[in-house]
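K.L.:
My questions all concern the structure below.
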Amino acid sequence: MLEKQLEASRIASARQREWFAQLRRDVFENGHPYVLANVDAPGDIFQSMGIPVVPNQWWAAVVASRGMSEFYFDGMERLGFQRNLCRYCSAGLASTLVDAGDRAPWGGLPKPTLLVTRLACDCMQRIFSLWAKAFGAPLFLLESTGVTEMPLRWWEDCRTNWEQFHQTHRLDHMTEQFYDLIALTEELTGRSFSASRLREVLELANAQQEYYDDIRTMIAEAPRCPIRIAEAQGTAMIAQWHRGTEWAVQHAKGFRDEIAARVNDGVAACANERVRLMWIGAGLWHKAQFYQAFEESHGAVFTWAEYPSFGPDAYLRYRLEEPVRALASRYVAIREWLHDPPWANAWYVHEAKRNRIDGAVMLIPTNSRPSSTGSLFIAHELEQAGIPVLLLWADMVDPNGWDDQKIHAQMVHFLEQRIG
Amino acid sequence: MSALTVLRHHYRERCAAAEAARAAGIPVVGIVGNTVPVELVRAAGCFPLTLSDLPSDTSVGDEFMEPFFEPEIRYVFDGLLRGAFGELALVIVPRTSDQYFKLYLYLREAVRIGKGERVPPVYLYDLLHTRSDRSRRYGIERTRELVHRLEKIRGVKLDDATLQSAIIEANEVRSLMRSVLSLRERTPCQLSGTDALAVLGAARFMDIRDYRKALEAFLSEPNPQCFDGPRILIKGFPLNHTALHEAIERAGAVAVAEDDWWGSRSAGELIDQNGRPLEAIFEKYFRDEPGPRVHSDALRQRWFRARLAQGDIDGVVFYVPPFDDLIGWELPADRALLAEKSIPSQVLRMDVAASSSKLDEDLRPFIEGLSRARETA
């Protein structure tokens, strides 16, 4: 397990565990609704209706960090699903289809009221259809329209000028789908949607992201990284799942204050920091200790990961007069920003420069292909910008195929020969 | 030269007819996959050329396209970067698979960073996947935009009469293709799967009038083919080549059907000739063309179930190559369905285009088993 340096991390972990235990009690004992959603579904809508959301990828991270991935993927193979199917998005499905008895992480997922995913890749409808069938619960699919106009600096333009940034027909379509989703949720849960309540939720989400904006700026500008980035990523992600709540805002503020204090006091996550590394890709949930493995030997410190930076850049939305449309503007391209050229490469290069990055390590999970596409373009653009890149062909949740010795050797070569 | 020889030639020499069209001054439009309405391209006075083959050398594209992409996508990306398809007035990429969409983005990006000097203009046809009214309305609008883009190539206005002519022409060809398919459904089967793929697949590479003439000739020529071996249905990754069919037929069986837009699903339903032409063309591609993104599961499986229900299939070969990440999700349910119906099945997980001796080895016991079962029966 990763050594935790921050109080904010301990608070977030405890809160998440307590929240999930409460969710199970509410669902099993009190019959309350909850939604099982992919990470690119609009959780804020459910938050505004008082309906908890379990994000698929968070659950996958829980499965992996409890060392259960291999057990579940072996079980899936016995059920006839081949090993090379997408793992990141299906670890949760595996935890439902394969009975782990008492070993199920946190007691396992209860039956949701509704499952929601965006059809961003071809696997999603299959994974979620199987999952919905296994639970006997309804499924809502959000269409993912194709973008054809891609102004580069999305992280600047989308906060306020999102209406102009997105192609109107795409934004219209996503907005209309959100209204369909709202209608279905009202029907299934008996809860009423209120646009003004959604606006409040989005304002709280903005406040949370603004604190993350401060955090990422401090991390970028401090002489040495004040926090282990894997910890910052895990902590920011947990709190992201509570986006739109007072708790999340207060947590983000505490998180920010704690980092500010460390910066003021000159505290570094690794006193020996000589090389600043960027981690590109989802968290390495089954091998969190990897991030610290080269600190002592090479002074190599991971100082950047998607979170907390992605929050302020992708989630912040001002001009909330039409909150459903504003929210649609966040989700209409959220996956493309992270994975597709030119948006992804432009953002990573911008972040690398801002963070004084010496080298980038990019995870390419060949069995989670939608998370892997665009990798070579990103690598190309980083290299063009003078930032060496190491490609790690490994999975984020499945340790099968991770070869410690081989990857250690690759890292050493990269640090000594490419970065020097 | 027999009609079959002509059709085989065009299936093999996939760019030949497009080159002839280009030489005659007809603009060639590159098509990716099976969900671009080629009737619109023809109505605009252009030659639609489906870009598809087995890759031999993709070293140019490999600089930017990750190795887990499907061979066909790698072939198209590499070929467009090299300019291997000759001059194309436009390339139309549909949004009906994730990999197609990535292909579109990769091509644009290659151009943006100065690595795509030879890449022609690329157009995304954004066809959605759920069969909702909302998706339908969205798709009709995108189809109108495609029409406007195509009109610009030759300055031809695509009015209703022009589109109606294109529909009639396409329907006549689809009817002939269905006659070809019926040869396979007869007992004994009267067309090998290998030839069927060539005869049907040539449609994607030939001028439609020449193709129609060749099909009419093929159907009217005396047919010496007769296959009495076990009848195989293939389900799995689309096959733009005949390697698997050849192997099945070398082993003494015959591939009578495949859940695949290159084979049994190439013709599909006719386009409605009584509705508004543009919408009728759109509906054909929205509702009838197979693809990885068709939703729901039941809709995606409808053809497979219906074909099995005809009762003539002795065995099913599932083709799940290493680059597949979709078919595997359906495999357990498909196999359970076959078990219920007592239809034997075999799963092939290799790249069938790459290893013929291993393929023969894997198929032989399965097909011998089917032959023995037929004899016993």
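Residues in the structure tokens are numbered from 1 in each chain, the chains being A, B, ... in the order shown, and ligands are numbered from 1 in the order shown.
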Pull the helix (DSSP H, G or I) assignments for segment 174-311 of chain B out of DSSP run on the backbone, and list those residues as a PDB file with C-alpha atoms, in the first residue's frame.
P.N.:
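Result file out.pdb:
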```pdb
ATOM      1  CA  ARG B 174     -29.201  -6.115 -53.904  1.00  0.00           C
ATOM      2  CA  SER B 175     -31.912  -8.365 -55.350  1.00  0.00           C
ATOM      3  CA  LEU B 176     -29.319 -10.102 -57.501  1.00  0.00           C
ATOM      4  CA  MET B 177     -27.050 -10.488 -54.483  1.00  0.00           C
ATOM      5  CA  ARG B 178     -29.916 -12.129 -52.632  1.00  0.00           C
ATOM      6  CA  SER B 179     -30.232 -14.591 -55.499  1.00  0.00           C
ATOM      7  CA  VAL B 180     -26.544 -15.388 -55.010  1.00  0.00           C
ATOM      8  CA  LEU B 181     -27.171 -15.942 -51.323  1.00  0.00           C
ATOM      9  CA  SER B 182     -30.034 -18.293 -52.091  1.00  0.00           C
ATOM     10  CA  LEU B 183     -27.581 -20.590 -53.929  1.00  0.00           C
ATOM     11  CA  ARG B 184     -25.819 -21.061 -50.618  1.00  0.00           C
ATOM     12  CA  GLU B 185     -29.002 -21.834 -48.773  1.00  0.00           C
ATOM     13  CA  GLY B 193     -18.314 -19.885 -49.214  1.00  0.00           C
ATOM     14  CA  THR B 194     -14.994 -18.894 -50.743  1.00  0.00           C
ATOM     15  CA  ASP B 195     -16.605 -17.952 -54.037  1.00  0.00           C
ATOM     16  CA  ALA B 196     -19.583 -16.392 -52.330  1.00  0.00           C
ATOM     17  CA  LEU B 197     -17.327 -13.955 -50.508  1.00  0.00           C
ATOM     18  CA  ALA B 198     -15.628 -13.004 -53.762  1.00  0.00           C
ATOM     19  CA  VAL B 199     -18.896 -12.643 -55.694  1.00  0.00           C
ATOM     20  CA  LEU B 200     -20.563 -10.559 -52.986  1.00  0.00           C
ATOM     21  CA  GLY B 201     -17.461  -8.656 -51.944  1.00  0.00           C
ATOM     22  CA  ALA B 202     -16.687  -7.509 -55.487  1.00  0.00           C
ATOM     23  CA  ALA B 203     -19.693  -5.176 -55.150  1.00  0.00           C
ATOM     24  CA  ARG B 204     -17.585  -2.930 -52.966  1.00  0.00           C
ATOM     25  CA  ILE B 208     -22.306  -0.762 -60.043  1.00  0.00           C
ATOM     26  CA  ARG B 209     -23.387  -1.224 -63.647  1.00  0.00           C
ATOM     27  CA  ASP B 210     -20.467  -3.509 -64.420  1.00  0.00           C
ATOM     28  CA  TYR B 211     -21.127  -5.405 -61.223  1.00  0.00           C
ATOM     29  CA  ARG B 212     -24.761  -5.853 -62.107  1.00  0.00           C
ATOM     30  CA  LYS B 213     -23.863  -7.208 -65.537  1.00  0.00           C
ATOM     31  CA  ALA B 214     -21.332  -9.580 -64.013  1.00  0.00           C
ATOM     32  CA  LEU B 215     -23.854 -10.824 -61.445  1.00  0.00           C
ATOM     33  CA  GLU B 216     -26.549 -11.361 -64.066  1.00  0.00           C
ATOM     34  CA  ALA B 217     -24.075 -13.325 -66.137  1.00  0.00           C
ATOM     35  CA  PHE B 218     -22.935 -15.318 -63.138  1.00  0.00           C
ATOM     36  CA  LEU B 219     -26.497 -16.256 -62.219  1.00  0.00           C
ATOM     37  CA  SER B 220     -27.341 -17.261 -65.767  1.00  0.00           C
ATOM     38  CA  ALA B 243      -8.706 -17.576 -45.630  1.00  0.00           C
ATOM     39  CA  LEU B 244     -11.174 -19.042 -43.153  1.00  0.00           C
ATOM     40  CA  HIS B 245     -13.686 -20.077 -45.790  1.00  0.00           C
ATOM     41  CA  GLU B 246     -10.923 -21.761 -47.779  1.00  0.00           C
ATOM     42  CA  ALA B 247      -9.754 -23.682 -44.731  1.00  0.00           C
ATOM     43  CA  ILE B 248     -13.270 -24.828 -43.859  1.00  0.00           C
ATOM     44  CA  GLU B 249     -13.772 -25.986 -47.404  1.00  0.00           C
ATOM     45  CA  ARG B 250     -10.361 -27.683 -47.593  1.00  0.00           C
ATOM     46  CA  PRO B 277     -35.398   9.119 -50.980  1.00  0.00           C
ATOM     47  CA  LEU B 278     -32.855  10.650 -48.611  1.00  0.00           C
ATOM     48  CA  GLU B 279     -34.634   9.368 -45.540  1.00  0.00           C
ATOM     49  CA  ALA B 280     -35.140   5.962 -47.119  1.00  0.00           C
ATOM     50  CA  ILE B 281     -31.411   5.662 -47.801  1.00  0.00           C
ATOM     51  CA  PHE B 282     -30.625   6.759 -44.271  1.00  0.00           C
ATOM     52  CA  GLU B 283     -33.066   4.207 -42.807  1.00  0.00           C
ATOM     53  CA  LYS B 284     -31.346   1.387 -44.653  1.00  0.00           C
ATOM     54  CA  TYR B 285     -28.032   2.201 -43.005  1.00  0.00           C
ATOM     55  CA  PHE B 286     -29.514   3.128 -39.658  1.00  0.00           C
ATOM     56  CA  ARG B 287     -31.698   0.065 -39.232  1.00  0.00           C
ATOM     57  CA  ASP B 288     -30.395  -2.711 -41.424  1.00  0.00           C
ATOM     58  CA  ASP B 297     -28.241  -7.084 -28.008  1.00  0.00           C
ATOM     59  CA  ALA B 298     -31.451  -8.605 -29.297  1.00  0.00           C
ATOM     60  CA  LEU B 299     -31.286  -6.549 -32.471  1.00  0.00           C
ATOM     61  CA  ARG B 300     -27.637  -7.397 -32.995  1.00  0.00           C
ATOM     62  CA  GLN B 301     -28.393 -11.107 -32.564  1.00  0.00           C
ATOM     63  CA  ARG B 302     -31.577 -11.176 -34.613  1.00  0.00           C
ATOM     64  CA  TRP B 303     -30.004 -12.319 -37.870  1.00  0.00           C
ATOM     65  CA  PHE B 304     -27.972 -15.070 -36.148  1.00  0.00           C
ATOM     66  CA  ARG B 305     -31.001 -16.469 -34.400  1.00  0.00           C
ATOM     67  CA  ALA B 306     -33.122 -16.318 -37.518  1.00  0.00           C
ATOM     68  CA  ARG B 307     -30.468 -18.040 -39.601  1.00  0.00           C
ATOM     69  CA  LEU B 308     -30.096 -20.848 -37.067  1.00  0.00           C
ATOM     70  CA  ALA B 309     -33.863 -21.235 -37.032  1.00  0.00           C
TER      71      ALA B 309
END
```
K.L.:
Counting only C-alpha atoms, which residues from chain A have an atom at most 6 Å from any atom of chain B, and could you show them as an MDAnalysis selection string?
P.N.:
chainID A and resid 80:81 85 121:122 146 376:377
K.L.:
Nearest to Arg372 of chain B: which of B:Ala253, B:Leu270, B:Ala21, B:Cys189 is it, counting only C-alpha atoms?
P.N.:
B:Ala253
K.L.:
What does the structure give for the distance between atom CA of Ala239 of chain A and atom CA of Phe290 of chain A, in Å to one decimal?
P.N.:
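Pair atom CA of Ala239 of chain A / atom CA of Phe290 of chain A returns 22.9 Å.
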K.L.:
Excluding Glu72 of chain B and residues on its chain fewer than 4 positions from it, collect all residues at most 7 Å away from it, counting only C-alpha atoms, and give them as a tab-separated table (two decimals) with C-alpha atoms, in the first residue's frame.
P.N.:
```
chain	number	residue	atom	x	y	z
B	52	SER	CA	-10.26	-2.72	-47.31
B	53	ASP	CA	-7.67	-5.45	-47.63
B	54	LEU	CA	-5.13	-7.38	-45.61
B	55	PRO	CA	-2.16	-5.27	-44.63
B	76	VAL	CA	-6.46	1.97	-44.37
```
K.L.:
Quick one: residues within 8 Å of segment 339-346 of chain A, only C-alpha atoms, excluding same-chain residues fewer than 6 positions away - as a PDB file with N, CA and C atoms, in the first residue's frame?
P.N.:
```
ATOM      1  N   MET A 150     -12.365  20.750 -33.537  1.00  0.00           N
ATOM      2  CA  MET A 150     -11.612  20.549 -32.295  1.00  0.00           C
ATOM      3  C   MET A 150     -10.620  21.682 -32.039  1.00  0.00           C
ATOM      4  N   PRO A 151     -11.123  22.835 -31.594  1.00  0.00           N
ATOM      5  CA  PRO A 151     -10.181  23.903 -31.218  1.00  0.00           C
ATOM      6  C   PRO A 151      -9.263  23.404 -30.108  1.00  0.00           C
ATOM      7  N   LEU A 152      -7.981  23.714 -30.217  1.00  0.00           N
ATOM      8  CA  LEU A 152      -6.998  23.024 -29.373  1.00  0.00           C
ATOM      9  C   LEU A 152      -7.123  23.247 -27.874  1.00  0.00           C
ATOM     10  N   ARG A 153      -7.249  24.503 -27.462  1.00  0.00           N
ATOM     11  CA  ARG A 153      -7.081  24.789 -26.032  1.00  0.00           C
ATOM     12  C   ARG A 153      -8.408  24.687 -25.290  1.00  0.00           C
ATOM     13  N   TRP A 154      -8.908  23.465 -25.256  1.00  0.00           N
ATOM     14  CA  TRP A 154     -10.210  23.219 -24.638  1.00  0.00           C
ATOM     15  C   TRP A 154     -10.210  23.567 -23.161  1.00  0.00           C
ATOM     16  N   PRO A 370      -9.758   1.621 -25.421  1.00  0.00           N
ATOM     17  CA  PRO A 370     -10.179   3.022 -25.503  1.00  0.00           C
ATOM     18  C   PRO A 370      -9.341   3.941 -24.621  1.00  0.00           C
ATOM     19  N   SER A 371      -8.738   3.369 -23.578  1.00  0.00           N
ATOM     20  CA  SER A 371      -7.867   4.188 -22.728  1.00  0.00           C
ATOM     21  C   SER A 371      -6.469   4.308 -23.330  1.00  0.00           C
ATOM     22  N   SER A 372      -6.205   3.582 -24.372  1.00  0.00           N
ATOM     23  CA  SER A 372      -4.848   3.515 -24.916  1.00  0.00           C
ATOM     24  C   SER A 372      -4.689   4.253 -26.225  1.00  0.00           C
ATOM     25  N   THR A 373      -5.797   4.518 -26.900  1.00  0.00           N
ATOM     26  CA  THR A 373      -5.655   5.138 -28.214  1.00  0.00           C
ATOM     27  C   THR A 373      -5.155   6.574 -28.054  1.00  0.00           C
ATOM     28  N   GLY A 374      -4.519   7.029 -29.070  1.00  0.00           N
ATOM     29  CA  GLY A 374      -3.942   8.375 -29.039  1.00  0.00           C
ATOM     30  C   GLY A 374      -2.586   8.417 -28.375  1.00  0.00           C
ATOM     31  N   SER A 375      -2.157   7.295 -27.800  1.00  0.00           N
ATOM     32  CA  SER A 375      -0.915   7.287 -27.016  1.00  0.00           C
ATOM     33  C   SER A 375       0.299   7.683 -27.855  1.00  0.00           C
ATOM     34  N   PHE A 377       0.448   9.455 -30.588  1.00  0.00           N
ATOM     35  CA  PHE A 377       0.430  10.880 -30.924  1.00  0.00           C
ATOM     36  C   PHE A 377       0.850  11.727 -29.721  1.00  0.00           C
ATOM     37  N   ILE A 378       0.373  11.327 -28.546  1.00  0.00           N
ATOM     38  CA  ILE A 378       0.754  12.070 -27.336  1.00  0.00           C
ATOM     39  C   ILE A 378       2.269  11.973 -27.144  1.00  0.00           C
ATOM     40  N   ALA A 379       2.784  10.754 -27.280  1.00  0.00           N
ATOM     41  CA  ALA A 379       4.226  10.552 -27.106  1.00  0.00           C
ATOM     42  C   ALA A 379       5.006  11.385 -28.124  1.00  0.00           C
ATOM     43  N   GLU A 381       4.152  14.159 -29.635  1.00  0.00           N
ATOM     44  CA  GLU A 381       4.119  15.605 -29.372  1.00  0.00           C
ATOM     45  C   GLU A 381       4.964  15.969 -28.153  1.00  0.00           C
ATOM     46  N   LEU A 382       4.971  15.090 -27.150  1.00  0.00           N
ATOM     47  CA  LEU A 382       5.824  15.344 -25.990  1.00  0.00           C
ATOM     48  C   LEU A 382       7.299  15.300 -26.397  1.00  0.00           C
TER      49      LEU A 382
ATOM     50  N   LYS B 102     -11.555   6.542 -34.342  1.00  0.00           N
ATOM     51  CA  LYS B 102     -10.142   6.840 -34.078  1.00  0.00           C
ATOM     52  C   LYS B 102      -9.383   7.015 -35.387  1.00  0.00           C
ATOM     53  N   LEU B 105      -9.908  10.506 -36.503  1.00  0.00           N
ATOM     54  CA  LEU B 105      -9.131  11.462 -35.706  1.00  0.00           C
ATOM     55  C   LEU B 105      -7.634  11.357 -36.014  1.00  0.00           C
ATOM     56  N   TYR B 106      -7.165  10.134 -36.204  1.00  0.00           N
ATOM     57  CA  TYR B 106      -5.735   9.936 -36.486  1.00  0.00           C
ATOM     58  C   TYR B 106      -5.353  10.555 -37.836  1.00  0.00           C
ATOM     59  N   GLU B 109      -5.162  14.207 -37.457  1.00  0.00           N
ATOM     60  CA  GLU B 109      -4.005  14.606 -36.669  1.00  0.00           C
ATOM     61  C   GLU B 109      -2.718  14.475 -37.480  1.00  0.00           C
TER      62      GLU B 109
END
```
K.L.:
Residues of segment 147-363 of chain A classed as strand (DSSP E or B) by DSSP on the backbone are to be reported as a PyMOL selection string.
P.N.:
chain A and resi 275-280+300-304+359-363
K.L.:
Selected residues, C-alpha atoms, written as a CSV table (one decimal), in the first residue's frame, please.
P.N.:
```csv
chain,number,residue,atom,x,y,z
A,275,VAL,CA,13.9,14.3,-11.9
A,276,ARG,CA,10.2,15.3,-12.3
A,277,LEU,CA,8.1,12.7,-14.0
A,278,MET,CA,4.7,12.8,-15.5
A,279,TRP,CA,2.3,9.9,-15.2
A,280,ILE,CA,0.0,9.6,-18.2
A,300,ALA,CA,12.8,10.4,-9.8
A,301,VAL,CA,9.5,11.7,-8.5
A,302,PHE,CA,6.1,11.5,-10.1
A,303,THR,CA,4.9,15.1,-9.9
A,304,TRP,CA,2.0,15.0,-12.3
A,359,GLY,CA,10.2,12.8,-18.6
A,360,ALA,CA,6.8,11.2,-19.1
A,361,VAL,CA,5.8,7.6,-18.3
A,362,MET,CA,2.7,6.6,-20.3
A,363,LEU,CA,0.6,3.5,-19.4
```
K.L.:
From the set B:Ala44, B:Val316, B:Pro27, B:Ala373, which residue has the shortest atom-to-atom contact distance to His148 of chain B, counting only C-alpha atoms?
P.N.:
B:Ala44
K.L.:
A:Glu306, A:Glu321, A:Glu156, A:Asp257: which is nearest Ala230 of chain A, counting only C-alpha atoms?
P.N.:
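When distances to Ala230 of chain A are compared using only C-alpha atoms, the smallest one comes from A:Glu306.
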K.L.:
Hey, can you check how far atom CA of Val201 of chain A sits from atom CA of Ile45 of chain A?
P.N.:
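Interatomic distance, atom CA of Val201 of chain A to atom CA of Ile45 of chain A: 8.5 Å.
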K.L.:
Need the shell around Met124 of chain A: protein/DNA/RNA residues with any atom at most 9 Å away, counting only C-alpha atoms. Skip same-chain ones fewer than 5 positions apart. Format as a PyMOL selection string?
P.N.:
chain A and resi 38+89-90+117-119+129
K.L.:
Those residues you just picked out, can you put them in a file as a PDB file, in the first residue's frame with C-alpha atoms?
P.N.:
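Wrote it out as out38.pdb, contents follow:
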```
ATOM      1  CA  ASN A  38     -19.684   4.871 -15.858  1.00  0.00           C
ATOM      2  CA  CYS A  89     -14.400  -1.080 -17.437  1.00  0.00           C
ATOM      3  CA  SER A  90     -15.353  -4.687 -16.730  1.00  0.00           C
ATOM      4  CA  THR A 117     -23.117   4.653 -19.404  1.00  0.00           C
ATOM      5  CA  ARG A 118     -22.026   6.704 -22.367  1.00  0.00           C
ATOM      6  CA  LEU A 119     -21.383   4.832 -25.606  1.00  0.00           C
ATOM      7  CA  SER A 129     -25.996  -4.772 -20.895  1.00  0.00           C
TER       8      SER A 129
END
```
K.L.:
Select, from A:Ala326, A:Val35, A:Leu109, A:Leu284, the residue with the minimum atom-to-atom distance to Asp398 of chain A, counting only C-alpha atoms.
P.N.:
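Going through A:Ala326, A:Val35, A:Leu109, A:Leu284 one by one, the smallest distance to Asp398 of chain A is for A:Leu284.
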K.L.:
With distances taken over only C-alpha atoms, which residue among A:Val397, A:Ile387, A:His380, A:Arg256 lies nearest Ile419 of chain A?
P.N.:
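Ranking A:Val397, A:Ile387, A:His380, A:Arg256 by distance to Ile419 of chain A, first place goes to A:Ile387.
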K.L.:
Between A:Glu322, A:Asp157, A:Asp44, A:Glu143, which residue has the minimum interatomic distance to Trp241 of chain A, considering only C-alpha atoms?
P.N.:
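Ranking A:Glu322, A:Asp157, A:Asp44, A:Glu143 by distance to Trp241 of chain A, first place goes to A:Asp44.
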K.L.:
Taking 3 positions as the minimum chain separation for residues in the same chain, which residues sit within 9 Å of Glu231 of chain A when counting only C-alpha atoms? Answer as number ranges by chain.
P.N.:
A: 2-6, 9, 227-228, 234-236
K.L.:
Keeping only C-alpha atoms, write the selected residues to a file as a short mmCIF file (atom, residue, chain, number, x, y, z; two decimals), in the first residue's frame.
P.N.:
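Output file selection_31.cif is given in full below:
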```
data_model
loop_
_atom_site.label_atom_id
_atom_site.label_comp_id
_atom_site.auth_asym_id
_atom_site.auth_seq_id
_atom_site.Cartn_x
_atom_site.Cartn_y
_atom_site.Cartn_z
CA LEU A 2 1.05 3.57 -0.63
CA GLU A 3 2.41 5.50 2.34
CA LYS A 4 -0.05 8.36 3.00
CA GLN A 5 1.42 11.79 3.84
CA LEU A 6 -1.74 13.86 4.06
CA SER A 9 -6.09 11.40 2.16
CA ILE A 227 3.01 15.68 -2.18
CA ARG A 228 3.29 12.25 -3.74
CA GLY A 234 -6.27 8.95 -5.32
CA THR A 235 -7.47 11.57 -2.88
CA ALA A 236 -8.76 13.94 -5.53
#
```
